$ cat coords.pdb   # PDB, C-alpha atoms
MODEL        1
ATOM      1  CA  MET A   1      -1.377  18.005  -1.534  1.00  0.00           C
ATOM      2  CA  THR A   2      -1.299  14.735   0.355  1.00  0.00           C
ATOM      3  CA  ARG A   3      -3.014  13.006  -2.580  1.00  0.00           C
ATOM      4  CA  ARG A   4      -0.129  13.985  -4.846  1.00  0.00           C
ATOM      5  CA  ILE A   5       2.392  12.649  -2.353  1.00  0.00           C
ATOM      6  CA  VAL A   6       0.514   9.349  -2.072  1.00  0.00           C
ATOM      7  CA  VAL A   7       0.276   9.007  -5.863  1.00  0.00           C
ATOM      8  CA  LEU A   8       3.995   9.760  -6.221  1.00  0.00           C
ATOM      9  CA  ALA A   9       4.845   7.196  -3.537  1.00  0.00           C
ATOM     10  CA  LEU A  10       2.707   4.577  -5.277  1.00  0.00           C
ATOM     11  CA  TRP A  11       4.429   5.269  -8.600  1.00  0.00           C
ATOM     12  CA  VAL A  12       7.827   4.858  -6.947  1.00  0.00           C
ATOM     13  CA  LEU A  13       6.736   1.657  -5.164  1.00  0.00           C
ATOM     14  CA  LEU A  14       5.341   0.202  -8.386  1.00  0.00           C
ATOM     15  CA  GLY A  15       8.082   1.582 -10.621  1.00  0.00           C
ATOM     16  CA  VAL A  16      11.066   0.153  -8.707  1.00  0.00           C
ATOM     17  CA  PRO A  17      10.032  -3.523  -9.158  1.00  0.00           C
ATOM     18  CA  VAL A  18       9.217  -2.920 -12.813  1.00  0.00           C
ATOM     19  CA  VAL A  19      12.630  -1.302 -13.390  1.00  0.00           C
ATOM     20  CA  LEU A  20      14.330  -4.215 -11.617  1.00  0.00           C
ATOM     21  CA  LEU A  21      12.341  -6.697 -13.703  1.00  0.00           C
ATOM     22  CA  LEU A  22      13.252  -4.923 -16.944  1.00  0.00           C
ATOM     23  CA  ASP A  23      16.917  -4.756 -15.807  1.00  0.00           C
ATOM     24  CA  PHE A  24      16.801  -8.496 -15.137  1.00  0.00           C
ATOM     25  CA  LEU A  25      15.425  -9.048 -18.663  1.00  0.00           C
ATOM     26  CA  GLY A  26      18.360  -7.129 -20.156  1.00  0.00           C
ATOM     27  CA  VAL A  27      16.766  -3.735 -20.797  1.00  0.00           C
ATOM     28  CA  PRO A  28      19.158  -0.841 -20.093  1.00  0.00           C
ATOM     29  CA  LEU A  29      18.331   0.976 -16.848  1.00  0.00           C
ATOM     30  CA  ALA A  30      17.993   4.476 -18.404  1.00  0.00           C
ATOM     31  CA  PHE A  31      15.695   3.115 -21.120  1.00  0.00           C
ATOM     32  CA  ALA A  32      13.425   1.384 -18.548  1.00  0.00           C
ATOM     33  CA  ILE A  33      13.198   4.524 -16.392  1.00  0.00           C
ATOM     34  CA  ALA A  34      12.418   6.657 -19.447  1.00  0.00           C
ATOM     35  CA  TRP A  35       9.561   4.368 -20.509  1.00  0.00           C
ATOM     36  CA  ILE A  36       8.127   4.303 -16.984  1.00  0.00           C
ATOM     37  CA  LEU A  37       8.184   8.123 -16.950  1.00  0.00           C
ATOM     38  CA  VAL A  38       6.450   8.208 -20.361  1.00  0.00           C
ATOM     39  CA  PHE A  39       3.820   5.786 -19.077  1.00  0.00           C
ATOM     40  CA  ALA A  40       3.336   7.889 -15.919  1.00  0.00           C
ATOM     41  CA  ALA A  41       2.940  11.061 -18.006  1.00  0.00           C
ATOM     42  CA  ALA A  42       0.392   9.308 -20.245  1.00  0.00           C
ATOM     43  CA  MET A  43      -1.588   8.229 -17.172  1.00  0.00           C
ATOM     44  CA  LEU A  44      -1.576  11.789 -15.794  1.00  0.00           C
ATOM     45  CA  ILE A  45      -2.728  13.172 -19.116  1.00  0.00           C
ATOM     46  CA  ALA A  46      -5.482  10.544 -19.345  1.00  0.00           C
ATOM     47  CA  GLN A  47      -6.891  11.734 -15.997  1.00  0.00           C
ATOM     48  CA  GLN A  48      -7.451  15.223 -17.353  1.00  0.00           C
ATOM     49  CA  SER A  49     -10.911  16.326 -18.398  1.00  0.00           C
ATOM     50  CA  PHE A  50     -10.763  17.724 -21.913  1.00  0.00           C
ATOM     51  CA  LEU A  51     -14.429  18.760 -22.069  1.00  0.00           C
ATOM     52  CA  ASP A  52     -15.783  21.940 -20.573  1.00  0.00           C
ATOM     53  CA  GLU A  53     -18.422  20.669 -18.177  1.00  0.00           C
ATOM     54  CA  SER A  54     -19.023  23.951 -16.362  1.00  0.00           C
ATOM     55  CA  GLY A  55     -21.857  25.211 -18.597  1.00  0.00           C
ATOM     56  CA  ALA A  56     -25.512  24.295 -18.557  1.00  0.00           C
ATOM     57  CA  TRP A  57     -26.536  21.087 -20.239  1.00  0.00           C
ATOM     58  CA  PRO A  58     -28.021  20.695 -22.771  1.00  0.00           C
ATOM     59  CA  PRO A  59     -26.647  23.818 -24.405  1.00  0.00           C
ATOM     60  CA  ALA A  60     -29.057  26.416 -25.688  1.00  0.00           C
ATOM     61  CA  PRO A  61     -30.039  26.054 -29.341  1.00  0.00           C
ATOM     62  CA  PRO A  62     -28.238  28.418 -31.694  1.00  0.00           C
ATOM     63  CA  GLN A  63     -29.957  31.723 -32.296  1.00  0.00           C
ATOM     64  CA  VAL A  64     -31.445  32.215 -35.727  1.00  0.00           C
ATOM     65  CA  LEU A  65     -29.897  35.159 -37.519  1.00  0.00           C
ATOM     66  CA  GLN A  66     -32.638  37.187 -39.144  1.00  0.00           C
ATOM     67  CA  ARG A  67     -31.813  38.858 -42.386  1.00  0.00           C
ATOM     68  CA  GLY A  68     -33.011  42.361 -43.208  1.00  0.00           C
ATOM     69  CA  SER A  69     -33.498  45.329 -40.980  1.00  0.00           C
ATOM     70  CA  ASP A  70     -35.890  45.815 -38.115  1.00  0.00           C
ATOM     71  CA  VAL A  71     -37.357  48.792 -39.939  1.00  0.00           C
ATOM     72  CA  SER A  72     -38.553  46.686 -42.858  1.00  0.00           C
ATOM     73  CA  ARG A  73     -39.990  43.993 -40.586  1.00  0.00           C
ATOM     74  CA  LEU A  74     -41.793  46.556 -38.429  1.00  0.00           C
ATOM     75  CA  ALA A  75     -43.087  48.437 -41.462  1.00  0.00           C
ATOM     76  CA  TRP A  76     -44.953  45.346 -42.619  1.00  0.00           C
ATOM     77  CA  SER A  77     -46.196  44.673 -39.095  1.00  0.00           C
ATOM     78  CA  ILE A  78     -49.379  46.731 -39.477  1.00  0.00           C
ATOM     79  CA  ASP A  79     -52.070  45.222 -41.697  1.00  0.00           C
ATOM     80  CA  THR A  80     -53.283  48.066 -43.914  1.00  0.00           C
ATOM     81  CA  ARG A  81     -56.680  46.463 -44.536  1.00  0.00           C
ATOM     82  CA  THR A  82     -57.700  45.794 -40.938  1.00  0.00           C
ATOM     83  CA  GLY A  83     -55.380  48.182 -39.077  1.00  0.00           C
ATOM     84  CA  MET A  84     -54.272  45.335 -36.795  1.00  0.00           C
ATOM     85  CA  VAL A  85     -50.749  45.540 -35.349  1.00  0.00           C
ATOM     86  CA  GLY A  86     -48.533  42.461 -35.795  1.00  0.00           C
ATOM     87  CA  PRO A  87     -46.871  40.562 -32.969  1.00  0.00           C
ATOM     88  CA  SER A  88     -43.319  41.876 -33.468  1.00  0.00           C
ATOM     89  CA  LEU A  89     -44.377  45.514 -33.311  1.00  0.00           C
ATOM     90  CA  ARG A  90     -46.695  44.762 -30.398  1.00  0.00           C
ATOM     91  CA  ARG A  91     -43.790  43.195 -28.454  1.00  0.00           C
ATOM     92  CA  ARG A  92     -41.652  46.263 -29.115  1.00  0.00           C
ATOM     93  CA  VAL A  93     -44.344  48.677 -27.986  1.00  0.00           C
ATOM     94  CA  THR A  94     -45.159  46.583 -24.917  1.00  0.00           C
ATOM     95  CA  ALA A  95     -41.470  46.617 -23.938  1.00  0.00           C
ATOM     96  CA  LEU A  96     -41.409  50.420 -24.254  1.00  0.00           C
ATOM     97  CA  VAL A  97     -44.604  50.716 -22.208  1.00  0.00           C
ATOM     98  CA  ASP A  98     -43.186  48.407 -19.528  1.00  0.00           C
ATOM     99  CA  ARG A  99     -40.072  50.561 -19.320  1.00  0.00           C
ATOM    100  CA  ARG A 100     -42.153  53.720 -18.942  1.00  0.00           C
ATOM    101  CA  LEU A 101     -44.397  52.118 -16.322  1.00  0.00           C
ATOM    102  CA  ARG A 102     -41.376  50.854 -14.350  1.00  0.00           C
ATOM    103  CA  GLU A 103     -40.296  54.480 -14.015  1.00  0.00           C
ATOM    104  CA  HIS A 104     -43.546  54.923 -12.094  1.00  0.00           C
ATOM    105  CA  GLY A 105     -43.255  51.662 -10.166  1.00  0.00           C
ATOM    106  CA  LEU A 106     -45.868  49.751 -12.189  1.00  0.00           C
ATOM    107  CA  HIS A 107     -45.969  46.778 -14.560  1.00  0.00           C
ATOM    108  CA  THR A 108     -48.362  46.263 -17.470  1.00  0.00           C
ATOM    109  CA  GLU A 109     -50.010  42.994 -16.455  1.00  0.00           C
ATOM    110  CA  PRO A 110     -50.706  43.324 -12.716  1.00  0.00           C
ATOM    111  CA  ALA A 111     -51.246  47.089 -12.861  1.00  0.00           C
ATOM    112  CA  ASP A 112     -54.632  48.670 -12.326  1.00  0.00           C
ATOM    113  CA  ALA A 113     -56.208  50.010 -15.526  1.00  0.00           C
ATOM    114  CA  ALA A 114     -56.742  53.439 -13.964  1.00  0.00           C
ATOM    115  CA  ASP A 115     -53.041  53.749 -13.060  1.00  0.00           C
ATOM    116  CA  VAL A 116     -51.881  52.831 -16.567  1.00  0.00           C
ATOM    117  CA  ASP A 117     -54.468  55.130 -18.148  1.00  0.00           C
ATOM    118  CA  ALA A 118     -53.333  57.987 -15.891  1.00  0.00           C
ATOM    119  CA  ILE A 119     -49.800  57.661 -17.264  1.00  0.00           C
ATOM    120  CA  LEU A 120     -50.436  56.731 -20.917  1.00  0.00           C
ATOM    121  CA  GLY A 121     -53.842  58.229 -21.542  1.00  0.00           C
ATOM    122  CA  PRO A 122     -57.387  56.886 -21.522  1.00  0.00           C
ATOM    123  CA  GLY A 123     -57.901  53.415 -22.981  1.00  0.00           C
ATOM    124  CA  ALA A 124     -54.188  52.518 -23.051  1.00  0.00           C
ATOM    125  CA  HIS A 125     -54.487  49.593 -20.627  1.00  0.00           C
ATOM    126  CA  ALA A 126     -57.421  48.104 -22.530  1.00  0.00           C
ATOM    127  CA  ALA A 127     -55.540  48.443 -25.834  1.00  0.00           C
ATOM    128  CA  LEU A 128     -52.379  46.810 -24.469  1.00  0.00           C
ATOM    129  CA  THR A 129     -54.083  43.909 -22.732  1.00  0.00           C
ATOM    130  CA  GLY A 130     -56.717  43.272 -25.396  1.00  0.00           C
ATOM    131  CA  ALA A 131     -56.547  40.541 -27.984  1.00  0.00           C
ATOM    132  CA  VAL A 132     -55.987  42.951 -30.880  1.00  0.00           C
ATOM    133  CA  LEU A 133     -54.006  46.197 -30.924  1.00  0.00           C
ATOM    134  CA  GLN A 134     -55.293  48.606 -33.557  1.00  0.00           C
ATOM    135  CA  ARG A 135     -53.288  51.217 -35.456  1.00  0.00           C
ATOM    136  CA  ALA A 136     -55.110  54.166 -33.831  1.00  0.00           C
ATOM    137  CA  ASP A 137     -54.421  52.774 -30.344  1.00  0.00           C
ATOM    138  CA  LEU A 138     -50.776  52.228 -31.285  1.00  0.00           C
ATOM    139  CA  GLU A 139     -50.403  55.843 -32.479  1.00  0.00           C
ATOM    140  CA  ARG A 140     -52.013  57.130 -29.282  1.00  0.00           C
ATOM    141  CA  ILE A 141     -49.730  55.006 -27.081  1.00  0.00           C
ATOM    142  CA  LEU A 142     -46.604  56.031 -29.016  1.00  0.00           C
ATOM    143  CA  GLN A 143     -47.544  59.708 -28.695  1.00  0.00           C
ATOM    144  CA  ALA A 144     -47.999  59.194 -24.944  1.00  0.00           C
ATOM    145  CA  LEU A 145     -44.580  57.527 -24.764  1.00  0.00           C
ATOM    146  CA  GLU A 146     -42.957  60.459 -26.567  1.00  0.00           C
ATOM    147  CA  ARG A 147     -44.203  62.899 -23.934  1.00  0.00           C
ATOM    148  CA  PRO A 148     -41.843  63.352 -21.013  1.00  0.00           C
ATOM    149  CA  PRO A 149     -42.788  61.209 -18.023  1.00  0.00           C
ATOM    150  CA  VAL A 150     -44.880  62.771 -15.293  1.00  0.00           C
ATOM    151  CA  PRO A 151     -42.723  63.002 -12.130  1.00  0.00           C
ATOM    152  CA  SER A 152     -45.437  61.875  -9.718  1.00  0.00           C
ATOM    153  CA  THR A 153     -46.893  58.383  -9.532  1.00  0.00           C
ATOM    154  CA  PRO A 154     -50.644  57.891  -9.514  1.00  0.00           C
ATOM    155  CA  GLU A 155     -52.383  57.366  -6.196  1.00  0.00           C
ATOM    156  CA  ARG A 156     -53.135  53.769  -5.337  1.00  0.00           C
ATOM    157  CA  PRO A 157     -55.866  52.754  -2.868  1.00  0.00           C
TER     158      PRO A 157
ENDMDL
END

$ encode --input "coords.pdb" --output "structure tokens"
Amino acid sequence: MTRRIVVLALWVLLGVPVVLLLDFLGVPLAFAIAWILVFAAAMLIAQQSFLDESGAWPPAPPQVLQRGSDVSRLAWSIDTRTGMVGPSLRRRVTALVDRRLREHGLHTEPADAADVDAILGPGAHAALTGAVLQRADLERILQALERPPVPSTPERP
């Protein structure tokens, strides 16, 4: 508030001599005051920030819009020759498994293999953390996910 008062006082102190000088040079008083007010308004507008600087910089790259449906992409995600599951389907299944394990207070990576296998069936932890996820392991994990969750959590040592 005091800054505005000081700025206004400075404008008045600087504007009065300019108006007197313009009046001395023969410029009508109302015209001189009007131009000083226009100049003051232009200076106030020039102090404004017209760019939104509140966001993170540099901005995130635009997201690539994928064409087609998820169903078609996931359908081609299993190699019929080798039975190997592709990365997009593996990410989806891992997200579902993580959600199910969080219901039991576990996470896929730091969890003990016995705890994960107790919830999702034998061999589930090895299939999820292994280098390659096979079609048979995927079917077994999806069937385990379709079963209702067991209300008790496995015992931990």

$ atom_distance --input "coords.pdb" --atom1 "atom CA of Trp35 of chain A" --atom2 "atom CA of Ala9 of chain A"
17.8 Å

$ closest_residue --input "coords.pdb" --among "A:Val16, A:Arg147, A:Glu139, A:Gln134" --to "Thr80 of chain A" --atoms "all atoms listed in the file"
A:Gln134

$ closest_residue --input "coords.pdb" --among "A:Met43, A:Leu37, A:Leu128, A:Val18" --to "Arg91 of chain A" --atoms "all atoms listed in the file"
A:Leu128

$ closest_residue --input "coords.pdb" --among "A:Leu101, A:Val38, A:Val93, A:Ala126" --to "Ala113 of chain A" --atoms "only C-alpha atoms"
A:Ala126

$ atom_distance --input "coords.pdb" --atom1 "atom CA of Ala136 of chain A" --atom2 "atom CA of Leu106 of chain A"
23.9 Å

$ residues_around --input "coords.pdb" --residues "Ala41 of chain A" --least-positions-apart "6" --cutoff "12 Å" --atoms "all atoms listed in the file" --output "ChimeraX atom specification"
/A:8,11,34-35,47-48
